[in-house]
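Undergrad: Supplied structure: protein-v1.cif, mmCIF, C-alpha atoms.
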```
data_model
#
loop_
_atom_site.label_atom_id
_atom_site.label_comp_id
_atom_site.auth_asym_id
_atom_site.auth_seq_id
_atom_site.Cartn_x
_atom_site.Cartn_y
_atom_site.Cartn_z
CA MET A 24 -37.41 38.80 1.09
CA ASN A 25 -35.37 41.71 2.46
CA CYS A 26 -33.28 44.26 0.53
CA LYS A 27 -29.94 42.49 1.06
CA ASN A 28 -31.22 39.10 -0.12
CA CYS A 29 -32.84 40.79 -3.06
CA GLU A 30 -29.69 42.63 -4.10
CA ASN A 31 -27.68 39.39 -4.12
CA LEU A 32 -30.10 37.92 -6.64
CA PHE A 33 -30.27 40.76 -9.18
CA ASP A 34 -27.64 39.33 -11.53
CA ASP A 35 -29.23 35.88 -11.56
CA TYR A 36 -32.60 37.53 -12.13
CA VAL A 37 -31.31 39.50 -15.13
CA LEU A 38 -29.64 36.35 -16.50
CA GLY A 39 -32.97 34.53 -16.10
CA THR A 40 -31.52 31.77 -13.94
CA LEU A 41 -33.62 32.25 -10.80
CA GLY A 42 -36.14 29.62 -9.76
CA SER A 43 -39.80 30.59 -10.21
CA GLU A 44 -40.44 31.04 -6.48
CA GLN A 45 -37.39 33.28 -5.91
CA ARG A 46 -38.22 35.25 -9.03
CA ARG A 47 -41.76 35.94 -7.80
CA GLU A 48 -40.51 36.92 -4.30
CA LEU A 49 -37.94 39.29 -5.83
CA GLU A 50 -40.50 40.90 -8.11
CA ASP A 51 -42.89 41.35 -5.17
CA HIS A 52 -40.16 43.02 -3.14
CA VAL A 53 -38.95 45.29 -5.96
CA ALA A 54 -42.55 46.40 -6.61
CA SER A 55 -42.74 47.71 -3.06
CA CYS A 56 -39.14 49.00 -2.61
CA LYS A 57 -38.00 51.98 -4.67
CA ASN A 58 -34.34 51.59 -3.69
CA CYS A 59 -34.21 47.97 -4.87
CA GLY A 60 -36.12 48.91 -8.00
CA ARG A 61 -33.41 51.46 -8.82
CA LYS A 62 -30.64 48.93 -8.15
CA LEU A 63 -32.33 46.38 -10.38
CA ASP A 64 -32.38 48.94 -13.20
CA GLU A 65 -28.65 49.50 -12.63
CA ALA A 66 -28.05 45.77 -12.79
CA ARG A 67 -29.92 45.59 -16.11
CA ALA A 68 -27.86 48.48 -17.45
CA LEU A 69 -24.62 46.85 -16.37
CA HIS A 70 -25.55 43.62 -18.14
CA ASP A 71 -26.41 45.61 -21.25
CA VAL A 72 -22.95 47.19 -21.18
CA LEU A 73 -21.32 43.81 -20.68
CA LYS A 74 -23.34 42.36 -23.54
CA ALA A 75 -21.85 45.05 -25.72
CA ALA A 76 -18.42 43.59 -25.15
CA PRO A 77 -18.57 40.09 -26.61
CA ALA A 78 -16.01 39.10 -29.16
CA SER A 79 -17.69 40.09 -32.39
CA LEU A 80 -15.70 38.46 -35.15
CA THR A 81 -16.79 39.17 -38.67
CA ASP A 82 -17.11 36.15 -40.94
CA GLU A 83 -13.99 37.24 -42.83
CA GLU A 84 -12.03 37.47 -39.61
CA TRP A 85 -13.16 34.02 -38.53
CA GLU A 86 -12.34 32.53 -41.94
CA ARG A 87 -8.77 33.78 -41.60
CA ILE A 88 -8.43 32.35 -38.09
CA GLU A 89 -10.05 29.09 -39.18
CA LYS A 90 -7.72 28.69 -42.15
CA LYS A 91 -4.65 29.43 -40.05
CA THR A 92 -5.71 27.02 -37.32
CA LEU A 93 -6.57 24.21 -39.75
CA THR A 94 -3.19 24.59 -41.44
CA ARG A 95 -1.40 24.15 -38.15
CA LEU A 96 -3.65 21.26 -37.10
CA ARG A 97 -3.01 19.44 -40.41
CA ASP A 98 0.73 19.88 -39.97
CA GLU A 99 0.56 18.44 -36.48
CA MET A 100 -1.77 15.59 -37.45
CA ALA A 101 0.58 14.61 -40.27
CA GLU A 102 3.49 14.32 -37.87
CA PRO A 103 2.44 12.24 -34.88
CA ALA A 104 6.09 11.36 -34.38
CA ARG A 105 6.62 14.88 -33.10
CA GLN A 106 4.71 13.99 -29.99
CA GLY A 107 6.91 13.45 -26.99
CA VAL A 108 7.83 9.92 -26.01
CA LEU A 109 5.94 10.21 -22.74
CA SER A 110 2.75 11.51 -24.34
CA ARG A 111 2.86 8.69 -26.92
CA LEU A 112 3.41 6.19 -24.13
CA ALA A 113 0.47 7.73 -22.25
CA GLU A 114 -1.72 7.40 -25.35
CA PHE A 115 -0.69 3.74 -25.65
CA LEU A 116 -1.38 2.99 -21.99
CA ARG A 117 -4.62 4.94 -21.70
CA PRO A 118 -6.93 2.18 -22.97
CA LEU A 119 -5.33 -0.22 -20.49
CA LEU A 120 -5.89 2.20 -17.63
CA LYS A 121 -9.57 2.70 -18.39
CA PRO A 122 -11.98 0.80 -16.14
CA GLN A 123 -12.48 -2.58 -17.85
CA PRO A 124 -14.95 -4.86 -16.00
CA ARG A 125 -13.85 -8.03 -17.80
CA LEU A 126 -10.19 -7.41 -17.11
CA VAL A 127 -10.91 -6.56 -13.49
CA PHE A 128 -12.98 -9.76 -13.14
CA ALA A 129 -10.25 -11.90 -14.74
CA LEU A 130 -7.50 -10.39 -12.58
CA SER A 131 -9.63 -10.78 -9.45
CA SER A 132 -10.26 -14.45 -10.29
CA VAL A 133 -6.55 -15.11 -10.81
CA ILE A 134 -5.72 -13.41 -7.52
CA ILE A 135 -8.40 -15.36 -5.61
CA VAL A 136 -7.40 -18.73 -7.14
CA GLY A 137 -3.74 -17.97 -6.47
CA PHE A 138 -4.51 -17.08 -2.88
CA VAL A 139 -6.48 -20.31 -2.36
CA LEU A 140 -3.65 -22.40 -3.87
CA VAL A 141 -0.98 -20.76 -1.73
CA PHE A 142 -3.12 -21.01 1.38
CA SER A 143 -3.85 -24.70 0.68
CA LEU A 144 -0.17 -25.43 0.13
CA LEU A 145 0.76 -23.82 3.44
CA TRP A 146 -2.10 -25.61 5.19
CA PHE A 147 -1.19 -29.08 3.96
CA THR A 148 2.50 -28.62 4.55
CA SER A 149 1.97 -27.88 8.24
CA SER A 150 2.81 -30.99 10.36
CA GLU A 151 -0.66 -31.77 11.70
CA GLN A 152 -2.40 -31.33 8.38
CA ARG A 153 0.24 -33.38 6.62
CA LEU A 154 -0.50 -36.26 9.07
CA ILE A 155 -4.18 -36.08 8.30
CA SER A 156 -3.63 -36.10 4.59
CA ASP A 157 -0.81 -38.65 4.53
CA ASN A 158 -1.48 -42.15 5.97
CA SER A 159 2.17 -43.11 6.01
CA ASP A 160 2.99 -40.28 8.40
CA LEU A 161 -0.01 -41.09 10.55
CA TYR A 162 1.04 -44.70 10.65
CA ARG A 163 4.60 -43.71 11.62
CA LEU A 164 3.33 -41.51 14.42
CA TRP A 165 1.08 -44.26 15.67
CA THR A 166 3.78 -46.97 15.68
CA ASP A 167 6.25 -44.62 17.39
CA GLN A 168 3.75 -44.05 20.17
CA THR A 169 3.03 -47.77 20.66
CA GLN A 170 6.73 -48.62 20.44
CA ASP A 171 7.38 -46.13 23.23
CA GLN A 172 4.76 -47.85 25.30
CA TRP A 173 6.33 -51.29 24.70
CA THR A 174 9.78 -50.06 25.73
CA SER A 175 8.56 -48.09 28.74
CA GLY A 176 7.72 -49.41 32.18
CA GLU A 177 4.28 -50.33 31.06
CA ILE A 178 5.68 -53.44 29.46
CA ALA A 179 6.48 -55.02 32.84
CA SER A 180 2.93 -55.13 34.06
CA VAL A 181 1.63 -56.13 30.67
CA MET A 182 4.14 -58.88 30.11
CA ALA A 183 3.74 -60.12 33.63
CA GLY A 184 0.23 -61.03 32.68
CA VAL A 185 1.29 -62.48 29.32
CA GLU A 186 4.13 -64.49 30.76
CA LYS A 187 1.86 -65.82 33.41
CA ILE A 188 -0.57 -66.98 30.80
CA LEU A 189 2.18 -68.51 28.67
CA ALA A 190 3.93 -70.08 31.66
CA GLU A 191 0.73 -71.69 32.62
CA LYS A 192 0.45 -72.95 29.09
CA ASN A 193 4.03 -73.96 28.18
CA GLY A 194 6.40 -73.17 31.06
CA GLU A 195 8.51 -71.00 28.73
CA SER A 196 9.79 -67.42 29.18
CA ILE A 197 9.81 -64.93 26.35
CA ASP A 198 11.66 -61.78 25.39
CA ALA A 199 9.22 -59.10 26.39
CA SER A 200 11.24 -56.24 24.93
CA ASN A 201 9.18 -55.94 21.81
CA PRO A 202 5.76 -56.90 20.53
CA GLU A 203 7.14 -58.98 17.68
CA SER A 204 8.85 -61.46 20.03
CA VAL A 205 5.73 -61.63 22.14
CA LEU A 206 3.71 -62.49 19.07
CA ASP A 207 6.31 -65.01 17.93
CA ALA A 208 6.26 -66.57 21.35
CA ILE A 209 2.52 -66.74 21.33
CA THR A 210 2.39 -68.29 17.89
CA SER A 211 5.32 -70.71 18.30
CA GLU A 212 5.61 -71.50 21.96
CA SER A 213 1.93 -71.79 22.53
CA ASN A 214 1.67 -73.71 19.27
CA LEU A 215 -0.74 -71.24 17.83
CA ASP A 216 -1.19 -71.86 14.18
CA GLU A 217 -1.70 -69.15 11.59
CA ALA A 218 -5.37 -69.10 12.36
CA GLY A 219 -4.58 -68.46 16.00
CA SER A 220 -2.27 -65.59 15.16
CA GLU A 221 -4.91 -64.09 12.93
CA ALA A 222 -7.40 -64.47 15.72
CA ILE A 223 -5.22 -62.29 17.97
CA ASP A 224 -4.84 -59.82 15.17
CA SER A 225 -8.53 -59.80 14.59
CA GLU A 226 -9.20 -59.36 18.27
CA ILE A 227 -6.91 -56.35 18.41
CA ARG A 228 -8.55 -54.83 15.36
CA GLU A 229 -11.86 -55.00 17.12
CA HIS A 230 -10.46 -53.25 20.16
CA SER A 231 -12.56 -50.15 20.53
CA ASP A 232 -9.78 -47.97 21.90
CA MET A 233 -7.62 -48.63 18.89
CA TRP A 234 -10.26 -47.61 16.44
CA GLY A 235 -11.54 -44.86 18.66
CA ILE A 236 -8.31 -42.91 18.39
CA ASN A 237 -8.20 -42.34 14.68
CA GLY A 238 -9.85 -45.21 12.87
CA TYR A 239 -6.51 -46.18 11.38
CA TYR A 240 -4.71 -49.40 12.14
CA SER A 241 -2.89 -51.87 9.92
CA ASP A 242 -0.71 -54.32 11.86
CA ILE A 243 -0.97 -56.25 15.08
CA LEU A 244 2.59 -55.23 15.91
CA ASP A 245 1.34 -51.69 16.19
CA ALA A 246 -0.95 -52.60 19.03
CA SER A 247 -0.22 -51.05 22.39
CA PRO A 248 0.79 -53.37 25.27
CA ALA A 249 -2.61 -53.06 26.86
CA GLU A 250 -4.33 -53.91 23.59
CA MET A 251 -1.98 -56.82 23.00
CA GLN A 252 -2.55 -58.12 26.49
CA SER A 253 -6.27 -57.81 26.15
CA ALA A 254 -6.23 -59.58 22.80
CA ILE A 255 -3.92 -62.36 24.03
CA ARG A 256 -6.05 -62.93 27.08
CA GLU A 257 -9.12 -63.10 24.94
CA VAL A 258 -7.58 -65.50 22.41
CA LEU A 259 -5.70 -67.66 24.86
CA GLY A 260 -8.75 -67.75 27.07
CA ASN A 261 -10.71 -69.08 24.17
CA ILE A 262 -7.92 -71.58 23.41
CA GLY A 263 -7.76 -72.49 27.08
CA ASN A 264 -11.46 -72.99 26.99
CA GLY A 265 -10.89 -75.25 24.02
CA SER A 266 -12.60 -73.00 21.47
CA MET B 28 -34.22 16.36 -34.59
CA ALA B 29 -31.99 17.29 -31.62
CA ARG B 30 -31.51 13.60 -30.94
CA ARG B 31 -30.50 13.03 -34.53
CA ASN B 32 -27.94 15.84 -34.29
CA GLU B 33 -26.55 14.34 -31.08
CA ASP B 34 -26.20 10.93 -32.71
CA GLU B 35 -24.58 12.48 -35.73
CA LEU B 36 -22.11 14.38 -33.55
CA ASP B 37 -21.38 11.27 -31.51
CA ASP B 38 -20.60 9.42 -34.73
CA ILE B 39 -18.21 12.18 -35.84
CA VAL B 40 -16.43 12.15 -32.48
CA ARG B 41 -16.06 8.35 -32.58
CA ARG B 42 -14.65 8.51 -36.11
CA ALA B 43 -12.18 11.18 -35.00
CA GLN B 44 -11.21 8.99 -32.05
CA LYS B 45 -10.40 6.19 -34.50
CA GLY B 46 -8.00 8.47 -36.36
CA ASP B 47 -10.27 10.00 -39.01
CA ASP B 48 -8.63 13.43 -39.43
CA GLN B 49 -11.46 14.73 -41.61
CA ALA B 50 -13.89 14.02 -38.77
CA PHE B 51 -11.61 15.96 -36.42
CA GLU B 52 -11.53 18.92 -38.81
CA HIS B 53 -15.32 18.77 -38.84
CA LEU B 54 -15.31 19.10 -35.05
CA PHE B 55 -13.09 22.17 -35.33
CA GLU B 56 -15.33 23.74 -37.97
CA ARG B 57 -18.34 23.16 -35.74
CA PHE B 58 -16.98 24.24 -32.36
CA GLY B 59 -13.94 26.39 -33.16
CA ARG B 60 -15.77 29.68 -33.40
CA PRO B 61 -17.75 29.57 -30.12
CA LEU B 62 -14.66 28.32 -28.31
CA TYR B 63 -12.61 31.14 -29.81
CA GLY B 64 -15.18 33.61 -28.43
CA THR B 65 -14.83 32.19 -24.93
CA ILE B 66 -11.04 32.14 -25.14
CA GLU B 67 -10.82 35.69 -26.40
CA ARG B 68 -13.11 37.01 -23.66
CA ILE B 69 -11.05 35.32 -20.98
CA VAL B 70 -7.54 36.11 -22.24
CA GLY B 71 -8.45 39.57 -23.52
CA ASP B 72 -6.37 39.86 -26.66
CA ARG B 73 -6.96 38.64 -30.15
CA ASP B 74 -3.48 37.45 -31.09
CA GLY B 75 -3.16 35.48 -27.87
CA ALA B 76 -6.63 34.01 -28.41
CA GLU B 77 -5.79 32.90 -31.96
CA GLU B 78 -2.67 31.12 -30.85
CA LEU B 79 -4.43 29.64 -27.87
CA LEU B 80 -7.28 28.34 -30.05
CA GLN B 81 -4.71 26.35 -32.04
CA ASP B 82 -3.14 25.01 -28.84
CA VAL B 83 -6.57 24.09 -27.47
CA PHE B 84 -7.48 22.06 -30.56
CA LEU B 85 -4.09 20.38 -30.58
CA LYS B 86 -4.69 19.39 -26.98
CA ILE B 87 -8.16 18.13 -27.90
CA TYR B 88 -6.61 16.13 -30.76
CA GLN B 89 -4.04 14.58 -28.45
CA LYS B 90 -6.53 13.81 -25.66
CA LEU B 91 -9.42 12.73 -27.84
CA SER B 92 -8.94 9.04 -27.08
CA SER B 93 -9.60 9.79 -23.39
CA PHE B 94 -13.00 11.37 -24.09
CA ASP B 95 -15.46 8.81 -22.69
CA HIS B 96 -18.77 10.21 -24.06
CA ARG B 97 -20.22 10.67 -20.56
CA SER B 98 -20.59 14.41 -21.15
CA SER B 99 -21.20 16.19 -24.42
CA PHE B 100 -18.14 16.73 -26.59
CA TYR B 101 -18.64 20.49 -26.42
CA THR B 102 -18.72 20.50 -22.60
CA TRP B 103 -15.50 18.48 -22.58
CA ALA B 104 -13.79 20.72 -25.16
CA TYR B 105 -15.10 23.87 -23.41
CA ARG B 106 -13.51 22.73 -20.15
CA ILE B 107 -10.16 22.31 -21.89
CA ALA B 108 -10.48 25.75 -23.49
CA VAL B 109 -11.35 27.53 -20.22
CA ASN B 110 -8.61 25.85 -18.23
CA MET B 111 -5.98 26.46 -20.91
CA SER B 112 -7.07 30.11 -21.06
CA LEU B 113 -6.60 30.46 -17.31
CA ASN B 114 -3.19 28.77 -17.54
CA HIS B 115 -2.29 31.12 -20.37
CA LEU B 116 -3.19 34.11 -18.18
CA LYS B 117 -1.13 32.74 -15.31
CA SER B 118 1.94 32.32 -17.50
CA ARG B 119 1.38 35.75 -19.04
CA GLN B 120 1.14 37.32 -15.61
CA SER B 121 4.35 35.61 -14.67
CA ARG B 122 5.97 37.16 -17.77
CA ARG B 123 4.52 40.52 -16.72
CA GLU B 124 2.90 41.10 -20.07
CA THR B 125 0.32 43.82 -20.21
CA LEU B 126 -3.16 43.67 -21.61
CA LEU B 127 -4.30 45.98 -24.34
CA GLU B 128 -5.16 49.39 -23.03
CA PRO B 129 -8.67 50.70 -23.74
CA GLY B 130 -7.30 52.99 -26.42
CA GLN B 131 -5.78 50.04 -28.27
CA TRP B 132 -9.13 48.25 -28.22
CA ALA B 133 -10.69 51.28 -29.87
CA GLU B 134 -8.11 50.90 -32.61
CA VAL B 135 -8.92 47.23 -33.04
CA ARG B 136 -12.63 47.86 -33.25
CA SER B 137 -12.77 51.15 -35.11
CA THR B 138 -12.78 49.48 -38.51
CA SER B 139 -15.84 47.33 -37.77
CA VAL B 140 -17.91 49.50 -35.45
CA ALA B 141 -18.98 52.86 -36.72
CA ASP B 142 -20.86 54.31 -33.81
CA GLU B 143 -18.47 56.15 -31.50
CA ASP B 144 -20.64 55.74 -28.39
CA ALA B 145 -20.90 52.03 -28.99
CA VAL B 146 -17.14 51.83 -29.40
CA LEU B 147 -16.67 53.72 -26.17
CA ILE B 148 -18.96 51.39 -24.29
CA GLN B 149 -17.28 48.32 -25.78
CA GLU B 150 -13.89 49.68 -24.80
CA ALA B 151 -15.03 50.41 -21.28
CA ALA B 152 -16.67 47.01 -20.88
CA ARG B 153 -13.64 45.13 -22.21
CA ALA B 154 -11.24 47.10 -20.09
CA ALA B 155 -13.40 46.55 -17.00
CA ILE B 156 -13.74 42.82 -17.65
CA HIS B 157 -10.00 42.47 -17.97
CA LYS B 158 -9.36 44.25 -14.71
CA VAL B 159 -11.24 41.42 -12.99
CA PRO B 160 -8.93 38.62 -11.72
CA PRO B 161 -8.63 35.67 -14.17
CA ARG B 162 -10.69 33.09 -12.30
CA GLN B 163 -13.52 35.52 -11.54
CA ARG B 164 -13.34 36.60 -15.19
CA ALA B 165 -13.65 33.01 -16.38
CA VAL B 166 -16.78 32.55 -14.23
CA LEU B 167 -18.13 35.84 -15.54
CA VAL B 168 -17.62 34.77 -19.16
CA MET B 169 -19.23 31.40 -18.55
CA ARG B 170 -22.25 32.94 -16.82
CA ILE B 171 -22.81 36.11 -18.86
CA TYR B 172 -21.70 35.14 -22.36
CA ASP B 173 -21.99 31.39 -22.47
CA GLY B 174 -25.16 31.13 -20.35
CA MET B 175 -23.89 28.38 -18.07
CA ASP B 176 -25.45 27.57 -14.71
CA TYR B 177 -23.39 27.42 -11.53
CA ALA B 178 -23.27 23.62 -11.52
CA THR B 179 -21.67 23.55 -14.98
CA VAL B 180 -19.29 26.39 -14.09
CA ALA B 181 -18.22 24.53 -10.96
CA LYS B 182 -17.69 21.30 -12.90
CA THR B 183 -15.70 23.08 -15.57
CA LEU B 184 -13.36 24.76 -13.09
CA GLY B 185 -13.26 21.86 -10.66
CA CYS B 186 -14.64 23.88 -7.73
CA SER B 187 -17.80 23.91 -5.60
CA GLU B 188 -20.98 25.68 -6.70
CA GLY B 189 -20.56 27.99 -3.69
CA ALA B 190 -17.10 28.99 -4.91
CA ALA B 191 -18.46 29.61 -8.41
CA LYS B 192 -21.24 31.83 -6.99
CA ALA B 193 -18.76 33.74 -4.84
CA ASN B 194 -16.45 34.31 -7.82
CA PHE B 195 -19.35 35.58 -9.92
CA HIS B 196 -20.60 37.83 -7.14
CA HIS B 197 -17.15 39.38 -6.61
CA ALA B 198 -16.66 39.86 -10.35
CA MET B 199 -20.00 41.68 -10.63
CA GLN B 200 -19.19 43.87 -7.62
CA LYS B 201 -15.97 44.98 -9.32
CA LEU B 202 -17.70 45.59 -12.65
CA ARG B 203 -20.32 47.77 -10.95
CA LYS B 204 -17.50 49.87 -9.59
CA TYR B 205 -15.51 50.03 -12.85
CA LEU B 206 -18.52 50.76 -15.06
CA LYS B 207 -20.54 53.07 -12.82
CA ASP B 208 -20.26 55.86 -15.38
CA PHE B 209 -21.65 53.68 -18.16
CA ALA B 210 -24.32 51.63 -16.45
#
```
Reformat the file's structure so that it appears as structure tokens.
TA:
Amino acid sequence: MNCKNCENLFDDYVLGTLGSEQRRELEDHVASCKNCGRKLDEARALHDVLKAAPASLTDEEWERIEKKTLTRLRDEMAEPARQGVLSRLAEFLRPLLKPQPRLVFALSSVIIVGFVLVFSLLWFTSSEQRLISDNSDLYRLWTDQTQDQWTSGEIASVMAGVEKILAEKNGESIDASNPESVLDAITSESNLDEAGSEAIDSEIREHSDMWGINGYYSDILDASPAEMQSAIREVLGNIGNGS
Amino acid sequence: MARRNEDELDDIVRRAQKGDDQAFEHLFERFGRPLYGTIERIVGDRDGAEELLQDVFLKIYQKLSSFDHRSSFYTWAYRIAVNMSLNHLKSRQSRRETLLEPGQWAEVRSTSVADEDAVLIQEAARAAIHKVPPRQRAVLVMRIYDGMDYATVAKTLGCSEGAAKANFHHAMQKLRKYLKDFA
């Protein structure tokens, strides 16, 4: 320890707040350095002078101050209404503003549940999710698609095959503009009974493409032209074969 | 025994927090005098210290519900006293009030201290202490008279330990200069 370091520690040494290692180093240095020894004596003397200056109230003096202070405190404590509105409001709010784990947990739970509910609502009200969750919409979408196919050019090639089959059977033409008339024609003109109509329906239901799309199908009239043609061929073929 | 005293004090503080005015008066009777000593050393005049002691305990009374028992009650009250003393000095400086001159201190003390040399030293020490800037003086009082370590001083004043050490060092440098004829 050098002189400068030592000098900076004199006050802490006199106050007795130095660690044991620093205290020993300082004492070793002072023992071998006259100048620092003199400065340490000065530091001790200064602290002695300062110690002479503490407030030295006599008991009588303190009793007077105590009495005076208690009188004022009692006056103030008896009149809480004299507090300002803001300070009273602050006193009222303080317990609410303290960290309260239960309250924080409850508020967090409400916020999380609220967020999940709002998110779910937005999710299910989007068009695609609504279709998944609502069979009626899915059904509508599906029938719109198949109806488009029936009324598009695809119908010509499909019905060409159907008409050919029916012509071979009955020599009658049918309205190929919609699947319902095709089915009617099949059931009436080809003298299919109810069982025959159900057989076509059943055949369509077993069509892998139909079920492969979404696993949802409810009516033969929703079948696409290709599915209808395939089913009719299958059924009429069986009828033609005499099954 | 110390533990029992702590528990007893904690009970008194909790009763005061629930509105028991007698418990609050008990806190004043227990801590008023040491806090007055600290206040008087920092502000430097007796009348100001008396008035400030009342203000400090009113503040403690008003803020008692916010005391969370994480520190000791005395540490908490001490912090309020030191900070209010410093604020008092700031406002007094702004009003350009003057401290008591050394001669006036002799007058104050002459009735209770007989020895003239002792009075002279007390005068000189008080005058020197009150020539030190307020914040350095507060650190000085906390270190010299109230025996606080730097960590506690820093916590009380809301500064770093380094700043507390620097304030103490500067205060002592000034006192060495002011009191070279006495020390």
Undergrad: Near chain A, meaning an atom within 9 Å, which residues of chain B appear when counting only C-alpha atoms? Write them as JSON, numbers by chain.
TA: {"B": [48, 52, 55, 56, 59, 60, 63, 64, 65, 67, 68, 77, 78, 80, 81, 84, 85, 88, 89, 90, 92, 93, 139, 145, 148, 149, 150, 151, 152, 153, 156, 170, 171, 172, 174, 176, 196, 199, 202, 203, 206, 207, 209, 210]}
Undergrad: What's the separation between atom CA of A:Cys26 and atom CA of B:Arg164, in Å to one decimal place?
TA: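 Spanning atom CA of A:Cys26 to atom CA of B:Arg164 is a straight-line distance of 26.5 Å.
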Undergrad: Just the number, please: distance in Å from atom CA of B:His157 to atom CA of B:Ile69, one decimal.
TA: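 Those two atoms sit 7.8 Å apart.
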Undergrad: Could you state the separation of atom CA of B:Ser98 and atom CA of B:Asp37 in Å, given to one decimal place?
TA: 10.9 Å
Undergrad: Report, as lines of an AutoDock Vina configuration file, the axis-aligned box around all atoms of stretch 88-99 of chain B present in the file, extended by 6 Å on each side; give centre and edge lengths in Å to one decimal place.
TA:
```
center_x = -12.6
center_y = 12.5
center_z = -25.7
size_x = 29.2
size_y = 19.4
size_z = 22.2
```
Undergrad: Residues at most 12 Å from B:Ala193, counting only C-alpha atoms, excluding those fewer than 5 positions away in the same chain, as a ChimeraX atom specification?
TA: /A:31 /B:162-163,166-167,177,180-181,186-188,198-200
Undergrad: Restricting the calculation to only C-alpha atoms: of B:Gln44, B:Leu184, B:Leu147, B:Leu91, which residue gets closest to B:Leu113?
TA: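 Closest to B:Leu113 of all the choices is B:Leu184.
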Undergrad: Which residues, named as in the file, does the PyMOL selection byres ((chain A and resi 46) around 12) pick out? Answer as a list in words.
TA: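 So the PyMOL selection byres ((chain A and resi 46) around 12), applied here, picks out Met24, Asn28, Cys29, Leu32, Phe33, Asp34, Asp35, Tyr36, Val37, Leu38, Gly39, Thr40, Leu41, Gly42, Ser43, Glu44, Gln45, Arg47, Glu48, Leu49, Glu50, Asp51, His52 and Val53 of chain A.
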Undergrad: In the coordinate frame of the file, compute which residues have an atom within 10 Å of (-9.5, 27.9, -20.6) when using all atoms listed in the file, and state them as a list in words.
TA: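 Residues close enough to count: Leu62, Thr65, Ile66, Glu67, Ile69, Val70, Leu79, Leu80, Val83, Ala104, Tyr105, Arg106, Ile107, Ala108, Val109, Asn110, Met111, Ser112, Leu113, Asn114, His115, Leu116, Arg162, Ala165, Thr183 and Leu184 of chain B.
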Undergrad: Have stretch 44-58 of chain B completed to N, CA and C atoms, please, and pass it along as a PDB file, in the coordinates of the input.
TA:
```pdb
ATOM      1  N   GLN B  44     -11.964   9.764 -33.042  1.00  0.00           N
ATOM      2  CA  GLN B  44     -11.210   8.990 -32.050  1.00  0.00           C
ATOM      3  C   GLN B  44     -10.478   7.810 -32.695  1.00  0.00           C
ATOM      4  N   LYS B  45     -11.044   7.320 -33.814  1.00  0.00           N
ATOM      5  CA  LYS B  45     -10.400   6.190 -34.500  1.00  0.00           C
ATOM      6  C   LYS B  45      -9.339   6.667 -35.495  1.00  0.00           C
ATOM      7  N   GLY B  46      -9.086   7.968 -35.507  1.00  0.00           N
ATOM      8  CA  GLY B  46      -8.000   8.470 -36.360  1.00  0.00           C
ATOM      9  C   GLY B  46      -8.455   9.114 -37.655  1.00  0.00           C
ATOM     10  N   ASP B  47      -9.762   9.356 -37.802  1.00  0.00           N
ATOM     11  CA  ASP B  47     -10.270  10.000 -39.010  1.00  0.00           C
ATOM     12  C   ASP B  47     -10.027  11.520 -38.885  1.00  0.00           C
ATOM     13  N   ASP B  48      -8.992  12.014 -39.559  1.00  0.00           N
ATOM     14  CA  ASP B  48      -8.630  13.430 -39.430  1.00  0.00           C
ATOM     15  C   ASP B  48      -9.688  14.362 -40.017  1.00  0.00           C
ATOM     16  N   GLN B  49     -10.387  13.888 -41.037  1.00  0.00           N
ATOM     17  CA  GLN B  49     -11.460  14.730 -41.610  1.00  0.00           C
ATOM     18  C   GLN B  49     -12.569  14.949 -40.586  1.00  0.00           C
ATOM     19  N   ALA B  50     -12.865  13.889 -39.815  1.00  0.00           N
ATOM     20  CA  ALA B  50     -13.890  14.020 -38.770  1.00  0.00           C
ATOM     21  C   ALA B  50     -13.428  15.030 -37.724  1.00  0.00           C
ATOM     22  N   PHE B  51     -12.135  15.003 -37.408  1.00  0.00           N
ATOM     23  CA  PHE B  51     -11.610  15.960 -36.420  1.00  0.00           C
ATOM     24  C   PHE B  51     -11.721  17.392 -36.946  1.00  0.00           C
ATOM     25  N   GLU B  52     -11.410  17.581 -38.221  1.00  0.00           N
ATOM     26  CA  GLU B  52     -11.530  18.920 -38.810  1.00  0.00           C
ATOM     27  C   GLU B  52     -12.986  19.391 -38.752  1.00  0.00           C
ATOM     28  N   HIS B  53     -13.899  18.430 -38.918  1.00  0.00           N
ATOM     29  CA  HIS B  53     -15.320  18.770 -38.840  1.00  0.00           C
ATOM     30  C   HIS B  53     -15.664  19.285 -37.434  1.00  0.00           C
ATOM     31  N   LEU B  54     -15.066  18.646 -36.428  1.00  0.00           N
ATOM     32  CA  LEU B  54     -15.310  19.100 -35.050  1.00  0.00           C
ATOM     33  C   LEU B  54     -14.779  20.526 -34.854  1.00  0.00           C
ATOM     34  N   PHE B  55     -13.636  20.804 -35.449  1.00  0.00           N
ATOM     35  CA  PHE B  55     -13.090  22.170 -35.330  1.00  0.00           C
ATOM     36  C   PHE B  55     -14.005  23.180 -36.025  1.00  0.00           C
ATOM     37  N   GLU B  56     -14.468  22.811 -37.229  1.00  0.00           N
ATOM     38  CA  GLU B  56     -15.330  23.740 -37.970  1.00  0.00           C
ATOM     39  C   GLU B  56     -16.624  24.017 -37.198  1.00  0.00           C
ATOM     40  N   ARG B  57     -17.066  23.010 -36.452  1.00  0.00           N
ATOM     41  CA  ARG B  57     -18.340  23.160 -35.740  1.00  0.00           C
ATOM     42  C   ARG B  57     -18.197  23.927 -34.429  1.00  0.00           C
ATOM     43  N   PHE B  58     -17.111  23.671 -33.707  1.00  0.00           N
ATOM     44  CA  PHE B  58     -16.980  24.240 -32.360  1.00  0.00           C
ATOM     45  C   PHE B  58     -15.872  25.287 -32.216  1.00  0.00           C
TER      46      PHE B  58
END
```
